[in-house]
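Trainee: Next comes structure.cif, mmCIF, C-alpha atoms:
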```cif
data_run
#
loop_
_atom_site.label_atom_id
_atom_site.label_comp_id
_atom_site.auth_asym_id
_atom_site.auth_seq_id
_atom_site.Cartn_x
_atom_site.Cartn_y
_atom_site.Cartn_z
CA MET A 1419 58.97 89.50 137.33
CA SER A 1420 58.76 93.27 137.78
CA GLU A 1421 61.30 95.63 136.30
CA LYS A 1422 63.02 98.43 138.19
CA LEU A 1423 64.32 101.46 136.33
CA VAL A 1424 67.83 102.22 137.56
CA PHE A 1425 69.11 104.47 134.76
CA ASP A 1426 67.26 107.11 132.77
CA ALA A 1427 68.00 110.16 130.67
CA PRO A 1428 67.62 113.64 132.18
CA GLU A 1429 64.47 115.49 131.09
CA ILE A 1430 66.57 118.08 129.28
CA MET A 1431 67.52 115.47 126.66
CA ILE A 1432 65.19 115.32 123.67
CA ASP A 1433 63.81 111.84 122.96
CA ARG A 1434 64.87 111.28 119.35
CA PRO A 1435 67.14 108.85 117.48
CA THR A 1436 70.77 109.95 117.32
CA HIS A 1437 72.42 110.64 113.98
CA TYR A 1438 75.92 110.08 115.39
CA CYS A 1439 78.00 107.13 114.22
CA PRO A 1440 78.21 103.98 116.39
CA GLY A 1441 80.85 104.45 119.07
CA CYS A 1442 80.95 108.25 118.79
CA HIS A 1443 81.28 109.90 122.18
CA HIS A 1444 79.30 113.04 121.39
CA GLY A 1445 76.21 111.36 122.81
CA VAL A 1446 78.02 110.64 126.06
CA ALA A 1447 79.20 114.24 126.24
CA HIS A 1448 75.66 115.51 125.60
CA ARG A 1449 74.31 113.38 128.38
CA LEU A 1450 76.91 114.61 130.85
CA VAL A 1451 76.19 118.23 129.98
CA GLY A 1452 72.46 117.58 130.32
CA GLU A 1453 72.84 115.86 133.67
CA VAL A 1454 74.97 118.64 135.14
CA LEU A 1455 72.69 121.41 133.89
CA THR A 1456 69.69 119.57 135.35
CA GLU A 1457 71.32 118.83 138.70
CA MET A 1458 72.49 122.44 139.04
CA GLY A 1459 69.03 123.80 138.19
CA LEU A 1460 70.31 125.71 135.16
CA VAL A 1461 68.09 124.33 132.39
CA ASP A 1462 65.69 127.28 132.13
CA ASP A 1463 68.49 129.85 132.28
CA THR A 1464 70.94 128.28 129.83
CA LEU A 1465 72.14 129.62 126.49
CA CYS A 1466 74.11 127.13 124.38
CA VAL A 1467 76.43 128.18 121.56
CA GLY A 1468 76.99 125.45 118.99
CA SER A 1469 79.97 125.40 116.68
CA ILE A 1470 80.62 124.05 113.19
CA GLY A 1471 81.32 120.33 112.84
CA CYS A 1472 79.70 117.26 114.35
CA SER A 1473 79.36 119.22 117.58
CA VAL A 1474 76.85 121.62 116.01
CA PHE A 1475 73.96 119.19 116.46
CA ILE A 1476 73.91 119.51 120.25
CA TYR A 1477 70.78 121.66 119.95
CA ASN A 1478 68.97 118.66 118.45
CA TYR A 1479 69.47 116.70 121.65
CA LEU A 1480 69.37 119.22 124.54
CA ASP A 1481 66.21 121.22 125.12
CA VAL A 1482 67.82 124.62 125.76
CA ASP A 1483 67.95 127.90 123.89
CA ALA A 1484 70.82 127.77 121.42
CA VAL A 1485 72.72 129.88 118.92
CA GLU A 1486 74.75 128.46 116.04
CA ALA A 1487 78.01 130.38 115.68
CA PRO A 1488 80.10 130.82 112.52
CA HIS A 1489 83.09 128.49 112.26
CA GLY A 1490 85.38 128.98 115.24
CA ARG A 1491 83.53 131.98 116.62
CA ALA A 1492 81.59 130.29 119.42
CA PRO A 1493 83.64 131.95 122.23
CA ALA A 1494 83.06 135.37 120.66
CA VAL A 1495 79.32 134.74 120.34
CA ALA A 1496 79.21 133.41 123.90
CA THR A 1497 81.04 136.51 125.11
CA GLY A 1498 78.38 138.73 123.56
CA LEU A 1499 75.55 136.64 124.98
CA LYS A 1500 76.98 136.63 128.49
CA ARG A 1501 77.69 140.34 128.52
CA ALA A 1502 74.18 141.09 127.28
CA HIS A 1503 72.51 138.53 129.56
CA LYS A 1504 74.58 138.40 132.74
CA ASP A 1505 71.89 136.41 134.51
CA LYS A 1506 72.09 133.51 132.02
CA PHE A 1507 74.36 130.47 132.04
CA VAL A 1508 76.28 130.47 128.75
CA PHE A 1509 78.37 127.61 127.40
CA THR A 1510 79.96 126.65 124.10
CA TYR A 1511 80.22 123.12 122.74
CA GLN A 1512 83.08 122.77 120.24
CA GLY A 1513 85.17 120.19 118.41
CA ASP A 1514 88.92 120.29 117.89
CA GLY A 1515 88.78 121.45 114.28
CA ASP A 1516 86.52 124.35 115.22
CA LEU A 1517 88.22 125.40 118.46
CA ALA A 1518 91.90 124.67 117.85
CA SER A 1519 92.12 125.73 114.20
CA ILE A 1520 90.00 128.56 112.80
CA GLY A 1521 88.77 129.42 116.30
CA LEU A 1522 92.15 129.46 118.04
CA ALA A 1523 92.25 133.24 118.43
CA GLU A 1524 88.71 133.39 119.80
CA ILE A 1525 89.23 130.74 122.48
CA VAL A 1526 92.61 132.08 123.58
CA HIS A 1527 91.45 135.67 123.94
CA ALA A 1528 88.14 134.74 125.60
CA ALA A 1529 90.06 132.72 128.17
CA ASN A 1530 92.73 135.38 128.62
CA ARG A 1531 90.06 138.02 129.23
CA GLY A 1532 88.47 135.78 131.83
CA GLU A 1533 85.05 135.81 130.22
CA LYS A 1534 82.51 134.27 132.57
CA ILE A 1535 81.50 131.50 130.18
CA SER A 1536 82.02 127.74 130.10
CA VAL A 1537 83.59 125.79 127.23
CA VAL A 1538 83.12 122.09 126.47
CA PHE A 1539 85.86 121.01 124.06
CA VAL A 1540 85.51 117.59 122.39
CA ASN A 1541 88.88 116.39 121.06
CA ASN A 1542 88.77 113.40 118.69
CA THR A 1543 91.97 114.34 116.80
CA VAL A 1544 90.29 114.61 113.40
CA TYR A 1545 87.87 116.66 111.33
CA GLY A 1546 84.86 114.37 111.66
CA MET A 1547 82.02 115.99 109.74
CA THR A 1548 83.94 116.77 106.56
CA GLY A 1549 85.50 113.37 106.01
CA GLY A 1550 88.46 112.84 108.30
CA GLN A 1551 91.07 115.45 107.41
CA MET A 1552 94.06 116.19 109.64
CA ALA A 1553 93.17 118.49 112.54
CA PRO A 1554 95.38 120.59 114.81
CA THR A 1555 95.13 117.78 117.37
CA THR A 1556 95.93 114.89 114.98
CA LEU A 1557 98.76 112.85 116.52
CA VAL A 1558 102.10 112.41 114.79
CA GLY A 1559 101.86 109.24 112.71
CA GLN A 1560 98.06 109.24 112.68
CA LYS A 1561 96.65 108.81 109.18
CA ALA A 1562 93.98 111.12 107.79
CA THR A 1563 92.64 111.93 104.34
CA THR A 1564 95.01 114.90 104.05
CA CYS A 1565 97.99 113.00 105.47
CA PRO A 1566 97.50 109.43 104.21
CA ASP A 1567 101.00 108.43 105.31
CA GLY A 1568 100.47 109.83 108.79
CA ARG A 1569 101.07 113.23 110.34
CA CYS A 1570 104.70 114.27 109.96
CA ALA A 1571 106.15 116.44 112.72
CA GLU A 1572 108.73 118.00 110.40
CA GLU A 1573 106.11 119.13 107.90
CA HIS A 1574 102.97 119.55 109.98
CA GLY A 1575 104.23 120.20 113.50
CA GLN A 1576 103.14 118.44 116.66
CA ALA A 1577 99.53 118.01 117.79
CA ILE A 1578 98.39 121.04 119.77
CA ARG A 1579 97.68 120.52 123.47
CA MET A 1580 94.87 122.97 124.12
CA SER A 1581 94.40 122.42 127.85
CA GLU A 1582 98.03 123.27 128.50
CA ILE A 1583 97.59 126.50 126.55
CA ILE A 1584 94.30 127.52 128.17
CA GLY A 1585 95.52 126.56 131.63
CA GLY A 1586 98.48 128.89 131.25
CA LEU A 1587 96.39 131.99 130.56
CA GLY A 1588 95.79 134.54 133.28
CA GLY A 1589 92.02 134.80 132.85
CA THR A 1590 91.31 131.08 133.11
CA ALA A 1591 89.61 130.07 136.35
CA TYR A 1592 89.37 126.33 135.71
CA CYS A 1593 90.84 124.00 133.09
CA GLU A 1594 90.77 120.20 133.07
CA ARG A 1595 91.29 117.44 130.51
CA VAL A 1596 89.18 114.30 130.88
CA SER A 1597 88.37 111.26 128.74
CA LEU A 1598 85.22 109.42 127.71
CA ASP A 1599 86.76 105.98 127.12
CA SER A 1600 85.68 104.24 130.33
CA VAL A 1601 83.06 104.41 133.06
CA LYS A 1602 85.66 105.64 135.56
CA ASN A 1603 86.78 108.44 133.26
CA ILE A 1604 83.21 109.38 132.32
CA ARG A 1605 82.38 109.86 136.01
CA ARG A 1606 85.46 112.03 136.37
CA ALA A 1607 84.39 114.02 133.30
CA LYS A 1608 81.05 114.80 134.90
CA LYS A 1609 82.77 116.13 138.02
CA ALA A 1610 85.00 118.32 135.86
CA LEU A 1611 81.99 119.74 134.03
CA ARG A 1612 80.28 120.60 137.28
CA LYS A 1613 83.40 122.31 138.57
CA ALA A 1614 83.79 124.35 135.38
CA PHE A 1615 80.11 125.29 135.40
CA GLU A 1616 80.33 126.35 139.06
CA MET A 1617 83.08 128.80 138.12
CA GLN A 1618 80.58 130.67 135.98
CA VAL A 1619 77.63 130.37 138.36
CA ASN A 1620 79.74 131.69 141.25
CA GLY A 1621 81.10 134.55 139.15
CA THR A 1622 84.66 133.27 139.41
CA GLY A 1623 85.50 133.19 135.72
CA PHE A 1624 86.27 131.17 132.61
CA GLY A 1625 85.84 127.38 132.75
CA PHE A 1626 87.26 124.93 130.19
CA VAL A 1627 86.84 121.13 129.98
CA GLU A 1628 88.58 119.12 127.25
CA MET A 1629 87.11 115.68 126.58
CA LEU A 1630 89.14 113.05 124.73
CA SER A 1631 86.65 111.38 122.42
CA ALA A 1632 86.51 108.62 119.82
CA CYS A 1633 85.69 108.91 116.11
CA PRO A 1634 85.56 105.25 115.04
CA THR A 1635 84.30 106.04 111.52
CA ASN A 1636 87.17 108.31 110.51
CA TRP A 1637 89.70 106.34 112.53
CA LYS A 1638 88.48 103.25 110.63
CA MET A 1639 88.09 101.26 113.82
CA ASP A 1640 85.29 99.54 115.68
CA PRO A 1641 84.18 101.24 118.93
CA ILE A 1642 86.14 98.89 121.18
CA ALA A 1643 89.38 99.50 119.29
CA ALA A 1644 88.67 103.24 119.33
CA ASN A 1645 88.37 103.23 123.13
CA THR A 1646 91.64 101.33 123.31
CA ARG A 1647 93.29 103.94 121.10
CA ILE A 1648 92.23 106.71 123.47
CA LYS A 1649 93.80 104.84 126.38
CA GLU A 1650 97.01 103.75 124.66
CA GLU A 1651 97.73 106.63 122.25
CA MET A 1652 95.77 109.74 123.14
CA ILE A 1653 96.04 109.85 126.93
CA PRO A 1654 99.85 109.44 126.94
CA TYR A 1655 100.14 112.49 124.66
CA PHE A 1656 97.17 114.40 126.11
CA PRO A 1657 97.55 113.65 129.85
CA LEU A 1658 94.43 113.83 131.98
CA GLY A 1659 94.23 116.20 134.89
CA VAL A 1660 93.54 119.69 136.19
CA PHE A 1661 95.70 122.34 134.56
CA LYS A 1662 94.32 125.27 136.52
CA ASP A 1663 91.92 125.75 139.41
CA VAL A 1664 91.95 129.18 141.01
CA THR A 1665 89.93 127.94 143.95
CA LYS A 1666 92.82 125.70 144.92
CA ASP A 1667 95.75 127.70 143.61
CA GLY A 1668 94.67 130.89 145.28
CA GLU A 1669 95.07 132.75 141.99
CA GLU A 1670 92.99 135.73 140.93
#
```
Produce structure tokens that represent the structure in this file.
Mentor:
Amino acid sequence: MSEKLVFDAPEIMIDRPTHYCPGCHHGVAHRLVGEVLTEMGLVDDTLCVGSIGCSVFIYNYLDVDAVEAPHGRAPAVATGLKRAHKDKFVFTYQGDGDLASIGLAEIVHAANRGEKISVVFVNNTVYGMTGGQMAPTTLVGQKATTCPDGRCAEEHGQAIRMSEIIGGLGGTAYCERVSLDSVKNIRRAKKALRKAFEMQVNGTGFGFVEMLSACPTNWKMDPIAANTRIKEEMIPYFPLGVFKDVTKDGEE
């Protein structure tokens, strides 16, 4: 019996074993980014800015020129790259600890200025690389190493909803929150990435895609339970959808 290949990785992805934990969605996110860059013909003209955290290793898996930014400063580095190389496609790849905590000022001001860059924001509600501490996106009641009894709203505040913030800024051209917990949502995530990337390619402005992602290791769950948690706990608090699209809203 002959075999027929029906699914393969894009050439931009480097053929090497992953270091990510079983059930982690960073690999899915990498693949989506790689597919969209390939399909849009951007591979040779792309500059990637990696952040600090698990997300930093994207340059080990995508064969593009990359810069590693200091903690939280990926939008600032990307701004400099894009202004110096206007003909390049520039995107950042950041986790929630990097983007929504130490990098909050950088992402807000880059979006507000309408920098013509694209941002891929992976939200797994925890600091993954450093052992599972509470992050700005940790849900109320969620346990972490720095809040073993669960996040307390009275002491720690509510989890920050970044897409709602970015979508409300004047310079943002496109902002959408998606999820990586199911095939249906993964397909939707790819469409969102393409739309955000088109905003930069067409010179429209700043594009932002938030991806709800699992961290089974620090959540202390198996991958199936982690996907269920995204559906039952994360999506109700972080609703999926488009928060801004200037091509539909008629905004400038």
Trainee: If you count only C-alpha atoms, which residues fall within 9 Å of stretch 1538-1545 of chain A, apart from same-chain ones fewer than 3 positions away, as a PyMOL selection string?
Mentor: chain A and resi 1443-1444+1447+1451+1471-1473+1509-1517+1548-1557+1560+1562+1577+1611+1625-1633+1636-1637+1648+1652
Trainee: Could you please determine the separation between atom CA of A:Glu1486 and atom CA of A:Cys1439 in Å, to one decimal place?
Mentor: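 Atom CA of A:Cys1439 lies at a distance of 21.7 Å from atom CA of A:Glu1486.
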Trainee: Of the residues A:Val1526, A:Pro1488, A:Val1508, A:Met1547, which is the one nearest to A:His1437, using all atoms listed in the file?
Mentor: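 Ranked by minimum distance to A:His1437, first place goes to A:Met1547.
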Trainee: So how far away is atom CA of A:Phe1661 from atom CA of A:Glu1582, in Å?
Mentor: 6.6 Å
Trainee: Padding 8 Å on each side, edges along x, y and z: where is the centre of the box around the listed atoms of stretch 1596-1603 of chain A, and how long are its edges in Å to one decimal? Output it as lines of an AutoDock Vina configuration file.
Mentor:
```
center_x = 86.1
center_y = 109.3
center_z = 131.3
size_x = 22.1
size_y = 26.1
size_z = 24.4
```
Trainee: Could you extract stretch 1442-1552 of chain A of the given structure into a file holding C-alpha atoms, as a PDB file, in the first residue's frame?
Mentor:
```
ATOM      1  CA  CYS A1442       2.561  23.278  25.100  1.00  0.00           C
ATOM      2  CA  HIS A1443       1.021  25.361  22.336  1.00  0.00           C
ATOM      3  CA  HIS A1444       4.136  27.323  21.406  1.00  0.00           C
ATOM      4  CA  GLY A1445       4.851  24.755  18.701  1.00  0.00           C
ATOM      5  CA  VAL A1446       1.387  25.257  17.236  1.00  0.00           C
ATOM      6  CA  ALA A1447       1.875  29.018  17.285  1.00  0.00           C
ATOM      7  CA  HIS A1448       5.270  28.678  15.579  1.00  0.00           C
ATOM      8  CA  ARG A1449       3.772  26.579  12.845  1.00  0.00           C
ATOM      9  CA  LEU A1450       0.978  29.061  12.199  1.00  0.00           C
ATOM     10  CA  VAL A1451       3.433  31.944  11.993  1.00  0.00           C
ATOM     11  CA  GLY A1452       5.631  29.911   9.651  1.00  0.00           C
ATOM     12  CA  GLU A1453       2.737  28.951   7.407  1.00  0.00           C
ATOM     13  CA  VAL A1454       1.471  32.518   7.084  1.00  0.00           C
ATOM     14  CA  LEU A1455       4.926  33.957   6.398  1.00  0.00           C
ATOM     15  CA  THR A1456       5.479  31.292   3.738  1.00  0.00           C
ATOM     16  CA  GLU A1457       2.087  31.717   2.080  1.00  0.00           C
ATOM     17  CA  MET A1458       2.492  35.507   1.994  1.00  0.00           C
ATOM     18  CA  GLY A1459       5.979  35.245   0.496  1.00  0.00           C
ATOM     19  CA  LEU A1460       7.590  37.081   3.410  1.00  0.00           C
ATOM     20  CA  VAL A1461      10.228  34.579   4.542  1.00  0.00           C
ATOM     21  CA  ASP A1462      13.254  36.260   2.960  1.00  0.00           C
ATOM     22  CA  ASP A1463      12.201  39.734   4.117  1.00  0.00           C
ATOM     23  CA  THR A1464      11.249  38.953   7.715  1.00  0.00           C
ATOM     24  CA  LEU A1465      12.868  40.193  10.913  1.00  0.00           C
ATOM     25  CA  CYS A1466      11.701  38.436  14.090  1.00  0.00           C
ATOM     26  CA  VAL A1467      12.097  39.939  17.557  1.00  0.00           C
ATOM     27  CA  GLY A1468      12.106  37.338  20.319  1.00  0.00           C
ATOM     28  CA  SER A1469      11.299  38.172  23.909  1.00  0.00           C
ATOM     29  CA  ILE A1470      12.324  36.733  27.268  1.00  0.00           C
ATOM     30  CA  GLY A1471      10.552  33.594  28.467  1.00  0.00           C
ATOM     31  CA  CYS A1472       9.602  30.366  26.725  1.00  0.00           C
ATOM     32  CA  SER A1473       8.755  32.444  23.664  1.00  0.00           C
ATOM     33  CA  VAL A1474      12.406  33.410  23.152  1.00  0.00           C
ATOM     34  CA  PHE A1475      13.238  30.116  21.444  1.00  0.00           C
ATOM     35  CA  ILE A1476      11.206  30.896  18.329  1.00  0.00           C
ATOM     36  CA  TYR A1477      14.455  31.559  16.460  1.00  0.00           C
ATOM     37  CA  ASN A1478      15.423  27.915  17.021  1.00  0.00           C
ATOM     38  CA  TYR A1479      12.430  26.763  15.005  1.00  0.00           C
ATOM     39  CA  LEU A1480      11.829  29.393  12.286  1.00  0.00           C
ATOM     40  CA  ASP A1481      14.540  30.031   9.717  1.00  0.00           C
ATOM     41  CA  VAL A1482      14.375  33.842   9.678  1.00  0.00           C
ATOM     42  CA  ASP A1483      16.676  36.624  10.811  1.00  0.00           C
ATOM     43  CA  ALA A1484      16.009  37.316  14.477  1.00  0.00           C
ATOM     44  CA  VAL A1485      16.942  39.654  17.303  1.00  0.00           C
ATOM     45  CA  GLU A1486      16.602  38.788  20.987  1.00  0.00           C
ATOM     46  CA  ALA A1487      15.255  41.779  22.905  1.00  0.00           C
ATOM     47  CA  PRO A1488      15.773  42.585  26.593  1.00  0.00           C
ATOM     48  CA  HIS A1489      12.869  41.621  28.847  1.00  0.00           C
ATOM     49  CA  GLY A1490       9.707  43.382  27.717  1.00  0.00           C
ATOM     50  CA  ARG A1491      11.420  45.551  25.120  1.00  0.00           C
ATOM     51  CA  ALA A1492      10.502  43.620  21.980  1.00  0.00           C
ATOM     52  CA  PRO A1493       8.083  46.313  20.687  1.00  0.00           C
ATOM     53  CA  ALA A1494      10.765  48.984  21.150  1.00  0.00           C
ATOM     54  CA  VAL A1495      13.356  46.875  19.324  1.00  0.00           C
ATOM     55  CA  ALA A1496      10.847  46.106  16.581  1.00  0.00           C
ATOM     56  CA  THR A1497      10.073  49.805  16.249  1.00  0.00           C
ATOM     57  CA  GLY A1498      13.743  50.557  15.649  1.00  0.00           C
ATOM     58  CA  LEU A1499      14.108  47.723  13.152  1.00  0.00           C
ATOM     59  CA  LYS A1500      11.049  48.758  11.163  1.00  0.00           C
ATOM     60  CA  ARG A1501      12.004  52.410  11.041  1.00  0.00           C
ATOM     61  CA  ALA A1502      15.521  51.525   9.908  1.00  0.00           C
ATOM     62  CA  HIS A1503      14.368  48.838   7.455  1.00  0.00           C
ATOM     63  CA  LYS A1504      11.001  49.981   6.119  1.00  0.00           C
ATOM     64  CA  ASP A1505      11.096  47.332   3.401  1.00  0.00           C
ATOM     65  CA  LYS A1506      11.244  44.451   5.918  1.00  0.00           C
ATOM     66  CA  PHE A1507       8.411  42.600   7.618  1.00  0.00           C
ATOM     67  CA  VAL A1508       8.947  42.918  11.382  1.00  0.00           C
ATOM     68  CA  PHE A1509       7.106  40.975  14.066  1.00  0.00           C
ATOM     69  CA  THR A1510       7.507  40.291  17.763  1.00  0.00           C
ATOM     70  CA  TYR A1511       6.711  37.012  19.490  1.00  0.00           C
ATOM     71  CA  GLN A1512       5.984  37.501  23.203  1.00  0.00           C
ATOM     72  CA  GLY A1513       4.531  35.745  26.227  1.00  0.00           C
ATOM     73  CA  ASP A1514       2.197  37.259  28.808  1.00  0.00           C
ATOM     74  CA  GLY A1515       4.856  37.775  31.478  1.00  0.00           C
ATOM     75  CA  ASP A1516       7.067  39.628  29.017  1.00  0.00           C
ATOM     76  CA  LEU A1517       4.403  41.690  27.252  1.00  0.00           C
ATOM     77  CA  ALA A1518       1.852  42.413  29.976  1.00  0.00           C
ATOM     78  CA  SER A1519       4.229  42.977  32.891  1.00  0.00           C
ATOM     79  CA  ILE A1520       7.671  44.509  32.402  1.00  0.00           C
ATOM     80  CA  GLY A1521       6.861  45.276  28.768  1.00  0.00           C
ATOM     81  CA  LEU A1522       3.462  46.889  29.322  1.00  0.00           C
ATOM     82  CA  ALA A1523       4.663  50.413  28.551  1.00  0.00           C
ATOM     83  CA  GLU A1524       6.449  49.319  25.380  1.00  0.00           C
ATOM     84  CA  ILE A1525       3.476  47.479  23.886  1.00  0.00           C
ATOM     85  CA  VAL A1526       0.967  50.191  24.779  1.00  0.00           C
ATOM     86  CA  HIS A1527       3.013  53.030  23.332  1.00  0.00           C
ATOM     87  CA  ALA A1528       4.035  51.096  20.204  1.00  0.00           C
ATOM     88  CA  ALA A1529       0.374  50.369  19.528  1.00  0.00           C
ATOM     89  CA  ASN A1530      -0.726  53.904  20.343  1.00  0.00           C
ATOM     90  CA  ARG A1531       1.871  55.325  17.948  1.00  0.00           C
ATOM     91  CA  GLY A1532       0.598  53.004  15.244  1.00  0.00           C
ATOM     92  CA  GLU A1533       3.983  51.458  14.549  1.00  0.00           C
ATOM     93  CA  LYS A1534       3.820  49.362  11.403  1.00  0.00           C
ATOM     94  CA  ILE A1535       4.815  46.121  13.110  1.00  0.00           C
ATOM     95  CA  SER A1536       2.999  42.913  13.994  1.00  0.00           C
ATOM     96  CA  VAL A1537       2.770  41.382  17.470  1.00  0.00           C
ATOM     97  CA  VAL A1538       2.071  37.731  18.304  1.00  0.00           C
ATOM     98  CA  PHE A1539       1.094  37.521  21.977  1.00  0.00           C
ATOM     99  CA  VAL A1540       0.942  34.053  23.583  1.00  0.00           C
ATOM    100  CA  ASN A1541      -1.153  34.124  26.766  1.00  0.00           C
ATOM    101  CA  ASN A1542      -0.896  31.050  29.009  1.00  0.00           C
ATOM    102  CA  THR A1543      -1.704  32.926  32.255  1.00  0.00           C
ATOM    103  CA  VAL A1544       1.575  32.050  33.981  1.00  0.00           C
ATOM    104  CA  TYR A1545       5.310  32.668  33.969  1.00  0.00           C
ATOM    105  CA  GLY A1546       6.345  29.439  32.264  1.00  0.00           C
ATOM    106  CA  MET A1547      10.125  29.517  31.946  1.00  0.00           C
ATOM    107  CA  THR A1548      10.911  30.566  35.510  1.00  0.00           C
ATOM    108  CA  GLY A1549       8.770  28.024  37.317  1.00  0.00           C
ATOM    109  CA  GLY A1550       5.128  29.026  37.260  1.00  0.00           C
ATOM    110  CA  GLN A1551       4.823  32.316  39.129  1.00  0.00           C
ATOM    111  CA  MET A1552       1.697  34.477  38.976  1.00  0.00           C
TER     112      MET A1552
END
```
